[in-house]
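Heads up, structure.pdb below (PDB, C-alpha atoms, pLDDT in the B column):
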```pdb
ATOM      1  CA  MET X  17      92.272 110.300  91.380  1.00 52.00           C
ATOM      2  CA  SER X  18      94.715 112.073  93.731  1.00 68.00           C
ATOM      3  CA  GLU X  19      93.080 111.727  97.123  1.00 87.00           C
ATOM      4  CA  THR X  20      94.364 113.836  99.982  1.00 93.00           C
ATOM      5  CA  TYR X  21      95.101 112.579 103.472  1.00 97.00           C
ATOM      6  CA  THR X  22      95.765 114.633 106.566  1.00 97.00           C
ATOM      7  CA  ASP X  23      99.089 114.267 108.311  1.00 96.00           C
ATOM      8  CA  ASP X  24      97.237 113.261 111.487  1.00 97.00           C
ATOM      9  CA  HIS X  25      95.457 110.451 109.633  1.00 98.00           C
ATOM     10  CA  LEU X  26      98.692 109.119 108.134  1.00 98.00           C
ATOM     11  CA  LYS X  27     100.488 109.406 111.479  1.00 98.00           C
ATOM     12  CA  THR X  28      97.698 107.510 113.252  1.00 98.00           C
ATOM     13  CA  ILE X  29      97.971 104.679 110.722  1.00 98.00           C
ATOM     14  CA  LEU X  30     101.760 104.492 111.008  1.00 98.00           C
ATOM     15  CA  LYS X  31     101.652 104.547 114.826  1.00 98.00           C
ATOM     16  CA  ARG X  32      98.983 101.867 115.242  1.00 98.00           C
ATOM     17  CA  THR X  33     100.433  99.473 112.649  1.00 98.00           C
ATOM     18  CA  ARG X  34     102.685  96.657 113.890  1.00 98.00           C
ATOM     19  CA  ARG X  35     102.485  93.893 111.279  1.00 98.00           C
ATOM     20  CA  VAL X  36     102.672  94.640 107.555  1.00 98.00           C
ATOM     21  CA  ALA X  37     102.221  92.280 104.605  1.00 98.00           C
ATOM     22  CA  VAL X  38     104.170  93.649 101.616  1.00 98.00           C
ATOM     23  CA  VAL X  39     102.612  92.273  98.433  1.00 98.00           C
ATOM     24  CA  GLY X  40     104.980  92.234  95.471  1.00 97.00           C
ATOM     25  CA  VAL X  41     108.186  92.504  97.493  1.00 97.00           C
ATOM     26  CA  SER X  42     111.397  91.966  95.538  1.00 96.00           C
ATOM     27  CA  MET X  43     114.533  90.131  96.605  1.00 95.00           C
ATOM     28  CA  ASN X  44     116.564  92.723  94.668  1.00 95.00           C
ATOM     29  CA  PRO X  45     117.964  95.366  97.073  1.00 93.00           C
ATOM     30  CA  VAL X  46     117.748  98.166  94.507  1.00 94.00           C
ATOM     31  CA  ARG X  47     113.998  97.723  93.960  1.00 95.00           C
ATOM     32  CA  PRO X  48     111.696 100.086  95.889  1.00 95.00           C
ATOM     33  CA  SER X  49     109.644  97.206  97.296  1.00 96.00           C
ATOM     34  CA  TYR X  50     112.800  95.748  98.853  1.00 97.00           C
ATOM     35  CA  TYR X  51     114.101  98.903 100.480  1.00 93.00           C
ATOM     36  CA  VAL X  52     110.672 100.072 101.645  1.00 96.00           C
ATOM     37  CA  ALA X  53     110.048  96.696 103.309  1.00 97.00           C
ATOM     38  CA  ARG X  54     113.556  96.720 104.788  1.00 96.00           C
ATOM     39  CA  TYR X  55     113.072 100.245 106.130  1.00 96.00           C
ATOM     40  CA  LEU X  56     109.750  99.335 107.758  1.00 97.00           C
ATOM     41  CA  GLY X  57     111.446  96.369 109.418  1.00 96.00           C
ATOM     42  CA  LEU X  58     114.233  98.608 110.718  1.00 95.00           C
ATOM     43  CA  LYS X  59     111.560 100.892 112.218  1.00 96.00           C
ATOM     44  CA  GLY X  60     110.149  98.047 114.295  1.00 96.00           C
ATOM     45  CA  TYR X  61     107.360  96.781 112.074  1.00 97.00           C
ATOM     46  CA  THR X  62     107.080  93.050 111.493  1.00 97.00           C
ATOM     47  CA  VAL X  63     107.225  92.705 107.705  1.00 97.00           C
ATOM     48  CA  ILE X  64     105.725  89.665 106.017  1.00 98.00           C
ATOM     49  CA  PRO X  65     107.048  89.440 102.419  1.00 98.00           C
ATOM     50  CA  VAL X  66     104.516  88.228  99.836  1.00 98.00           C
ATOM     51  CA  ASN X  67     105.661  87.162  96.367  1.00 98.00           C
ATOM     52  CA  PRO X  68     104.772  83.839  94.717  1.00 97.00           C
ATOM     53  CA  GLY X  69     107.992  83.890  92.684  1.00 96.00           C
ATOM     54  CA  HIS X  70     110.094  83.803  95.856  1.00 97.00           C
ATOM     55  CA  ALA X  71     107.886  81.724  98.174  1.00 97.00           C
ATOM     56  CA  GLY X  72     109.896  79.691 100.662  1.00 96.00           C
ATOM     57  CA  LYS X  73     112.946  81.958 100.584  1.00 97.00           C
ATOM     58  CA  ARG X  74     113.829  84.153 103.568  1.00 96.00           C
ATOM     59  CA  LEU X  75     113.827  87.934 103.552  1.00 96.00           C
ATOM     60  CA  PHE X  76     114.254  90.221 106.571  1.00 92.00           C
ATOM     61  CA  GLY X  77     114.124  87.208 108.895  1.00 92.00           C
ATOM     62  CA  GLN X  78     110.747  86.096 107.567  1.00 94.00           C
ATOM     63  CA  GLU X  79     109.739  83.402 105.112  1.00 96.00           C
ATOM     64  CA  VAL X  80     108.402  84.788 101.845  1.00 98.00           C
ATOM     65  CA  VAL X  81     104.850  83.539 101.278  1.00 98.00           C
ATOM     66  CA  ALA X  82     103.074  83.094  97.961  1.00 98.00           C
ATOM     67  CA  SER X  83      99.849  84.848  98.931  1.00 98.00           C
ATOM     68  CA  LEU X  84      98.157  86.715 101.751  1.00 98.00           C
ATOM     69  CA  SER X  85      96.179  83.558 102.579  1.00 97.00           C
ATOM     70  CA  ASP X  86      99.464  81.814 103.446  1.00 98.00           C
ATOM     71  CA  ILE X  87     100.197  84.215 106.310  1.00 98.00           C
ATOM     72  CA  GLN X  88      99.745  82.819 109.796  1.00 95.00           C
ATOM     73  CA  GLY X  89      97.977  85.221 112.135  1.00 96.00           C
ATOM     74  CA  SER X  90      96.702  88.667 111.382  1.00 96.00           C
ATOM     75  CA  VAL X  91      98.211  91.742 109.775  1.00 98.00           C
ATOM     76  CA  ASP X  92      97.430  95.382 110.461  1.00 98.00           C
ATOM     77  CA  MET X  93      98.338  96.705 107.032  1.00 98.00           C
ATOM     78  CA  VAL X  94      98.644  95.329 103.502  1.00 98.00           C
ATOM     79  CA  ASP X  95     101.142  97.362 101.452  1.00 98.00           C
ATOM     80  CA  ILE X  96     100.636  96.780  97.710  1.00 98.00           C
ATOM     81  CA  PHE X  97     103.538  96.965  95.233  1.00 97.00           C
ATOM     82  CA  ARG X  98     101.569  95.778  92.198  1.00 97.00           C
ATOM     83  CA  ARG X  99     100.004  97.469  89.176  1.00 97.00           C
ATOM     84  CA  SER X 100      96.668  99.151  89.768  1.00 97.00           C
ATOM     85  CA  GLU X 101      94.769  96.542  87.745  1.00 98.00           C
ATOM     86  CA  ALA X 102      96.068  93.795  90.082  1.00 98.00           C
ATOM     87  CA  VAL X 103      94.642  95.499  93.192  1.00 98.00           C
ATOM     88  CA  PRO X 104      91.037  94.164  93.356  1.00 98.00           C
ATOM     89  CA  PRO X 105      91.874  90.482  93.967  1.00 98.00           C
ATOM     90  CA  ILE X 106      94.562  91.501  96.483  1.00 98.00           C
ATOM     91  CA  VAL X 107      92.042  93.598  98.415  1.00 98.00           C
ATOM     92  CA  ASP X 108      89.481  90.780  98.247  1.00 98.00           C
ATOM     93  CA  GLU X 109      92.025  88.298  99.596  1.00 98.00           C
ATOM     94  CA  ALA X 110      93.115  90.711 102.347  1.00 98.00           C
ATOM     95  CA  LEU X 111      89.531  91.273 103.492  1.00 98.00           C
ATOM     96  CA  GLU X 112      88.889  87.524 103.503  1.00 97.00           C
ATOM     97  CA  ALA X 113      92.158  86.464 105.163  1.00 97.00           C
ATOM     98  CA  PHE X 114      92.336  89.252 107.768  1.00 98.00           C
ATOM     99  CA  PRO X 115      88.949  90.311 109.151  1.00 95.00           C
ATOM    100  CA  GLY X 116      90.726  92.789 111.425  1.00 96.00           C
ATOM    101  CA  VAL X 117      92.957  94.402 108.804  1.00 98.00           C
ATOM    102  CA  GLN X 118      93.089  98.122 109.490  1.00 98.00           C
ATOM    103  CA  THR X 119      94.777  99.544 106.405  1.00 98.00           C
ATOM    104  CA  ILE X 120      95.168  98.840 102.714  1.00 98.00           C
ATOM    105  CA  TRP X 121      98.099 100.933 101.466  1.00 98.00           C
ATOM    106  CA  MET X 122      98.755 101.275  97.730  1.00 98.00           C
ATOM    107  CA  GLN X 123     102.202 102.454  96.741  1.00 97.00           C
ATOM    108  CA  ILE X 124     103.083 105.463  94.582  1.00 96.00           C
ATOM    109  CA  GLY X 125     101.401 105.087  91.200  1.00 96.00           C
ATOM    110  CA  VAL X 126      98.928 102.480  92.473  1.00 97.00           C
ATOM    111  CA  GLU X 127      95.258 103.441  92.706  1.00 97.00           C
ATOM    112  CA  HIS X 128      91.968 101.592  92.386  1.00 98.00           C
ATOM    113  CA  ALA X 129      88.796 103.446  93.379  1.00 97.00           C
ATOM    114  CA  GLU X 130      86.449 100.435  93.353  1.00 98.00           C
ATOM    115  CA  ALA X 131      88.755  98.260  95.461  1.00 98.00           C
ATOM    116  CA  ALA X 132      89.257 101.189  97.842  1.00 98.00           C
ATOM    117  CA  ALA X 133      85.495 101.679  98.182  1.00 98.00           C
ATOM    118  CA  LYS X 134      85.012  97.977  98.917  1.00 98.00           C
ATOM    119  CA  ALA X 135      87.636  98.047 101.679  1.00 98.00           C
ATOM    120  CA  ARG X 136      86.301 101.298 103.140  1.00 98.00           C
ATOM    121  CA  ALA X 137      82.782  99.823 103.201  1.00 98.00           C
ATOM    122  CA  GLN X 138      84.190  97.222 105.610  1.00 97.00           C
ATOM    123  CA  GLY X 139      85.755  99.893 107.837  1.00 98.00           C
ATOM    124  CA  VAL X 140      89.282  99.628 106.469  1.00 98.00           C
ATOM    125  CA  ASP X 141      91.397 102.754 105.956  1.00 98.00           C
ATOM    126  CA  VAL X 142      92.758 103.028 102.415  1.00 98.00           C
ATOM    127  CA  ILE X 143      95.754 105.070 101.304  1.00 98.00           C
ATOM    128  CA  MET X 144      96.519 105.272  97.586  1.00 98.00           C
ATOM    129  CA  ASN X 145      99.463 106.607  95.598  1.00 97.00           C
ATOM    130  CA  ARG X 146     101.667 107.113  98.660  1.00 97.00           C
ATOM    131  CA  CYS X 147     104.682 105.372 100.212  1.00 97.00           C
ATOM    132  CA  PRO X 148     104.705 104.511 103.927  1.00 97.00           C
ATOM    133  CA  LYS X 149     108.499 104.922 104.041  1.00 96.00           C
ATOM    134  CA  ILE X 150     108.338 108.449 102.648  1.00 94.00           C
ATOM    135  CA  GLU X 151     105.391 109.362 104.865  1.00 96.00           C
ATOM    136  CA  TYR X 152     107.107 107.928 107.954  1.00 96.00           C
ATOM    137  CA  GLN X 153     110.269 109.893 107.217  1.00 93.00           C
ATOM    138  CA  ARG X 154     108.335 113.084 106.493  1.00 91.00           C
ATOM    139  CA  LEU X 155     106.008 112.872 109.505  1.00 94.00           C
ATOM    140  CA  PHE X 156     108.581 111.777 112.055  1.00 91.00           C
ATOM    141  CA  GLY X 157     111.291 114.245 111.026  1.00 83.00           C
ATOM    142  CA  GLU X 158     113.722 111.947 109.240  1.00 76.00           C
ATOM    143  CA  LEU X 159     113.680 113.580 105.805  1.00 64.00           C
ATOM    144  CA  ARG X 160     115.028 116.710 107.471  1.00 54.00           C
ATOM    145  CA  MET X 161     118.344 114.888 107.901  1.00 50.00           C
ATOM    146  CA  GLY X 162     118.579 114.639 104.127  1.00 49.00           C
ATOM    147  CA  GLY X 163     118.133 118.377 103.649  1.00 47.00           C
ATOM    148  CA  PHE X 164     114.367 118.397 103.072  1.00 50.00           C
ATOM    149  CA  ASN X 165     112.171 120.939 104.813  1.00 50.00           C
ATOM    150  CA  THR X 166     109.339 118.705 105.999  1.00 49.00           C
ATOM    151  CA  GLY X 167     107.493 121.330 107.999  1.00 55.00           C
ATOM    152  CA  VAL X 168     107.815 119.098 111.057  1.00 53.00           C
ATOM    153  CA  ILE X 169     109.537 120.740 114.010  1.00 53.00           C
ATOM    154  CA  SER X 170     111.808 118.296 115.784  1.00 52.00           C
ATOM    155  CA  SER X 171     114.615 118.459 118.306  1.00 50.00           C
ATOM    156  CA  LYS X 172     116.341 115.492 116.627  1.00 51.00           C
ATOM    157  CA  LEU X 173     119.700 116.249 115.047  1.00 46.00           C
TER
END
```

Starting from the coordinates I provided, produce the structure as structure tokens.
Amino acid sequence: MSETYTDDHLKTILKRTRRVAVVGVSMNPVRPSYYVARYLGLKGYTVIPVNPGHAGKRLFGQEVVASLSDIQGSVDMVDIFRRSEAVPPIVDEALEAFPGVQTIWMQIGVEHAEAAAKARAQGVDVIMNRCPKIEYQRLFGELRMGGFNTGVISSKL
């Protein structure tokens, strides 16, 4: 599939987003879903952890919920850490539970064209096969600190 997204588009999404539901978050600190969710929280996003296997536990100051429908209030972005074949019902639930959801974000290795088309048809931005943590670091100059040339000019040291 390999869609391309402009840096401006990704930056707009990351700047406008405040509340993120992370579907498939792990309680294990070495799992990508854990450290991506933790990083987003450290950057000022409110992270709502979603994982039925850990419902009722606390993670990053929030109660883990079993499903998107269990979240009180709205979310701006749903970040999906599940296999591609699990995406359609997650997108359906997100569209039903959050009429104002702005972004469906599928993590690296996660893509589903039909689910993406359904969300886009309702005016939702869809990003597939990307990581918001990596994109945030790349677009806001943080990867540079790790020795990566991001192409972003910054006065940060």

The PyMOL selection byres ((chain X and resi 29-46) around 6) applied to the shown file, residues as a PyMOL selection string = chain X and resi 26-28+47+49-50+61-67+91-98

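One finds atom CA of Ser90 of chain X at 12.1 Å from atom CA of Thr119 of chain X.
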
ask   = What is the distance, in Å and to one decimal place, between atom CA of Cys147 of chain X and atom CA of Gln123 of chain X?
value =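 Computing the Euclidean distance for atom CA of Cys147 of chain X and atom CA of Gln123 of chain X yields 5.2 Å.
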
ask   = Between atom CA of Thr22 of chain X and atom CA of Leu111 of chain X, what is the spacing in Å?
value =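 If I compute the distance from atom CA of Leu111 of chain X to atom CA of Thr22 of chain X, I get 24.4 Å.
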
task = Run the PyMOL selection byres ((chain X and resi 152) around 12) mentally over the shown coordinates, then write out the matched residues as a PyMOL selection string, using the chain letters and numbers from the document.
result = chain X and resi 23-24+26-31+33+52+55-56+59+61+146-151+153-160+166+168

From X:Asp86, X:Asp141, X:Glu101, X:Glu79, residue lying nearest Val117 of chain X [all atoms listed in the file] = X:Asp141

Residue IDs satisfying the PyMOL selection byres ((chain X and resi 82-84) around 8), as a list in words =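 Taken on the displayed file, the PyMOL selection byres ((chain X and resi 82-84) around 8) yields the residues Ala37, Val39, Val66, Asn67, Pro68, Gly69, His70, Ala71, Val80, Val81, Ser85, Asp86, Ile87, Ile106, Glu109, Ala110 and Ala113 of chain X.
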
ask   = Asn145 of chain X: which residues within 9 Å, counting all atoms listed in the file, same-chain residues fewer than 6 positions away excluded, as a list in words?
value =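 So the residues in contact are Ser18, Glu19, Trp121, Met122, Gln123, Ile124, Gly125, Val126 and Glu127 of chain X.
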
May I have the selected residues written with C-alpha atoms, as a short mmCIF file (atom, residue, chain, number, x, y, z; two decimals), in the coordinates of the input?
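Just written: out.cif:
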```
data_model
loop_
_atom_site.label_atom_id
_atom_site.label_comp_id
_atom_site.auth_asym_id
_atom_site.auth_seq_id
_atom_site.Cartn_x
_atom_site.Cartn_y
_atom_site.Cartn_z
CA SER X 18 94.72 112.07 93.73
CA GLU X 19 93.08 111.73 97.12
CA TRP X 121 98.10 100.93 101.47
CA MET X 122 98.76 101.28 97.73
CA GLN X 123 102.20 102.45 96.74
CA ILE X 124 103.08 105.46 94.58
CA GLY X 125 101.40 105.09 91.20
CA VAL X 126 98.93 102.48 92.47
CA GLU X 127 95.26 103.44 92.71
#
```

query = Which polymer residues have any atom within 7 Å of an atom of Ala131 of chain X, counting all atoms listed in the file, with same-chain residues fewer than 5 positions away left out, as a count of residues only?
reply = 3

Of the listed residues X:Lys134, X:Phe76, X:Gly89, X:Pro48, that which approaches Gly60 of chain X most closely, counting all atoms listed in the file =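 Looking only at the distances to Gly60 of chain X, the closest residue turns out to be X:Phe76.
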
Could you put an axis-aligned box around every listed atom of segment 75-92 of chain X, padded by 6 Å on each side, and send me its centre and edge lengths in Å to one decimal, as JSON?
```
{"center_x": 105.2, "center_y": 88.6, "center_z": 105.0, "size_x": 30.1, "size_y": 25.6, "size_z": 26.2}
```

Test item: write segment 19-34 of chain X with all heavy atoms as a CSV table (one decimal), in the first residue's frame:
```csv
chain,number,residue,atom,x,y,z
X,19,GLU,N,1.2,4.5,1.4
X,19,GLU,CA,0.8,5.8,1.1
X,19,GLU,C,1.8,6.8,1.5
X,19,GLU,O,2.7,6.5,2.4
X,19,GLU,CB,-0.5,6.1,1.9
X,19,GLU,CG,-1.7,5.3,1.4
X,19,GLU,CD,-3.0,5.7,2.1
X,19,GLU,OE1,-3.0,6.6,3.0
X,19,GLU,OE2,-4.0,5.2,1.7
X,20,THR,N,1.8,8.0,0.9
X,20,THR,CA,2.7,9.0,1.3
X,20,THR,C,1.9,10.2,2.0
X,20,THR,O,0.8,10.4,1.6
X,20,THR,CB,3.6,9.6,0.1
X,20,THR,OG1,2.7,10.0,-0.9
X,20,THR,CG2,4.4,8.5,-0.4
X,21,TYR,N,2.5,10.8,2.9
X,21,TYR,CA,1.9,11.9,3.6
X,21,TYR,C,2.9,13.1,3.7
X,21,TYR,O,4.1,12.9,3.9
X,21,TYR,CB,1.5,11.5,5.1
X,21,TYR,CG,0.8,10.2,5.1
X,21,TYR,CD1,1.4,9.0,5.5
X,21,TYR,CD2,-0.6,10.2,4.8
X,21,TYR,CE1,0.7,7.8,5.5
X,21,TYR,CE2,-1.3,9.0,4.9
X,21,TYR,CZ,-0.6,7.8,5.2
X,21,TYR,OH,-1.3,6.6,5.2
X,22,THR,N,2.4,14.3,3.5
X,22,THR,CA,3.4,15.4,3.5
X,22,THR,C,3.7,15.7,5.0
X,22,THR,O,2.9,15.4,5.9
X,22,THR,CB,2.8,16.7,2.9
X,22,THR,OG1,1.7,17.1,3.7
X,22,THR,CG2,2.3,16.5,1.4
X,23,ASP,N,4.9,16.3,5.2
X,23,ASP,CA,5.3,16.7,6.5
X,23,ASP,C,4.3,17.7,7.1
X,23,ASP,O,4.0,17.6,8.3
X,23,ASP,CB,6.7,17.3,6.5
X,23,ASP,CG,7.7,16.2,6.3
X,23,ASP,OD1,7.4,15.0,6.3
X,23,ASP,OD2,8.9,16.6,6.1
X,24,ASP,N,3.8,18.6,6.3
X,24,ASP,CA,2.8,19.6,6.8
X,24,ASP,C,1.5,18.9,7.3
X,24,ASP,O,1.0,19.3,8.3
X,24,ASP,CB,2.5,20.6,5.7
X,24,ASP,CG,3.6,21.6,5.4
X,24,ASP,OD1,4.4,21.8,6.3
X,24,ASP,OD2,3.5,22.3,4.4
X,25,HIS,N,1.1,17.9,6.5
X,25,HIS,CA,-0.1,17.2,6.9
X,25,HIS,C,0.1,16.5,8.3
X,25,HIS,O,-0.8,16.6,9.2
X,25,HIS,CB,-0.5,16.2,5.8
X,25,HIS,CG,-1.7,15.4,6.1
X,25,HIS,ND1,-3.0,16.0,6.3
X,25,HIS,CD2,-1.9,14.1,6.2
X,25,HIS,CE1,-3.9,15.0,6.5
X,25,HIS,NE2,-3.3,13.9,6.5
X,26,LEU,N,1.2,15.8,8.4
X,26,LEU,CA,1.5,15.1,9.7
X,26,LEU,C,1.6,16.1,10.8
X,26,LEU,O,1.1,15.8,11.9
X,26,LEU,CB,2.8,14.2,9.5
X,26,LEU,CG,2.7,13.1,8.5
X,26,LEU,CD1,4.0,12.4,8.3
X,26,LEU,CD2,1.6,12.0,9.0
X,27,LYS,N,2.3,17.2,10.6
X,27,LYS,CA,2.5,18.2,11.6
X,27,LYS,C,1.2,18.8,12.0
X,27,LYS,O,0.9,19.0,13.2
X,27,LYS,CB,3.4,19.3,11.1
X,27,LYS,CG,4.4,19.8,12.0
X,27,LYS,CD,5.4,20.8,11.3
X,27,LYS,CE,6.6,21.0,12.2
X,27,LYS,NZ,7.5,21.9,11.7
X,28,THR,N,0.3,19.1,11.1
X,28,THR,CA,-1.0,19.6,11.4
X,28,THR,C,-1.8,18.6,12.3
X,28,THR,O,-2.4,19.1,13.3
X,28,THR,CB,-1.8,19.9,10.1
X,28,THR,OG1,-1.2,20.9,9.4
X,28,THR,CG2,-3.3,20.3,10.4
X,29,ILE,N,-1.7,17.4,12.0
X,29,ILE,CA,-2.4,16.4,12.8
X,29,ILE,C,-1.8,16.3,14.2
X,29,ILE,O,-2.6,16.4,15.2
X,29,ILE,CB,-2.3,15.0,12.2
X,29,ILE,CG1,-3.2,14.9,10.9
X,29,ILE,CG2,-2.7,13.9,13.2
X,29,ILE,CD1,-3.0,13.7,10.1
X,30,LEU,N,-0.5,16.3,14.3
X,30,LEU,CA,0.1,16.2,15.7
X,30,LEU,C,-0.1,17.5,16.5
X,30,LEU,O,-0.2,17.4,17.7
X,30,LEU,CB,1.6,15.9,15.5
X,30,LEU,CG,1.9,14.5,14.9
X,30,LEU,CD1,3.4,14.4,14.5
X,30,LEU,CD2,1.5,13.5,15.9
X,31,LYS,N,-0.2,18.6,15.8
X,31,LYS,CA,-0.4,19.9,16.6
X,31,LYS,C,-1.9,20.0,17.0
X,31,LYS,O,-2.1,20.6,18.1
X,31,LYS,CB,-0.1,21.1,15.7
X,31,LYS,CG,1.4,21.4,15.5
X,31,LYS,CD,1.6,22.6,14.7
X,31,LYS,CE,3.1,23.0,14.6
X,31,LYS,NZ,3.3,24.2,13.8
X,32,ARG,N,-2.8,19.6,16.3
X,32,ARG,CA,-4.2,19.8,16.6
X,32,ARG,C,-4.7,18.7,17.6
X,32,ARG,O,-5.7,18.9,18.3
X,32,ARG,CB,-5.1,19.8,15.4
X,32,ARG,CG,-5.3,18.4,14.8
X,32,ARG,CD,-6.2,18.4,13.6
X,32,ARG,NE,-6.4,17.0,13.2
X,32,ARG,CZ,-6.6,16.7,11.9
X,32,ARG,NH1,-6.7,17.6,11.0
X,32,ARG,NH2,-6.8,15.4,11.6
X,33,THR,N,-4.0,17.6,17.7
X,33,THR,CA,-4.5,16.5,18.6
X,33,THR,C,-4.2,16.8,20.0
X,33,THR,O,-3.1,17.3,20.3
X,33,THR,CB,-3.8,15.2,18.1
X,33,THR,OG1,-4.1,14.9,16.8
X,33,THR,CG2,-4.1,14.0,19.0
X,34,ARG,N,-5.1,16.5,20.9
X,34,ARG,CA,-4.9,16.7,22.3
X,34,ARG,C,-5.2,15.4,23.1
X,34,ARG,O,-4.6,15.1,24.1
X,34,ARG,CB,-5.9,17.8,22.9
X,34,ARG,CG,-5.6,19.2,22.4
X,34,ARG,CD,-4.3,19.8,22.9
X,34,ARG,NE,-3.2,19.1,22.2
X,34,ARG,CZ,-1.9,19.3,22.4
X,34,ARG,NH1,-1.4,20.0,23.3
X,34,ARG,NH2,-1.0,18.6,21.7
```
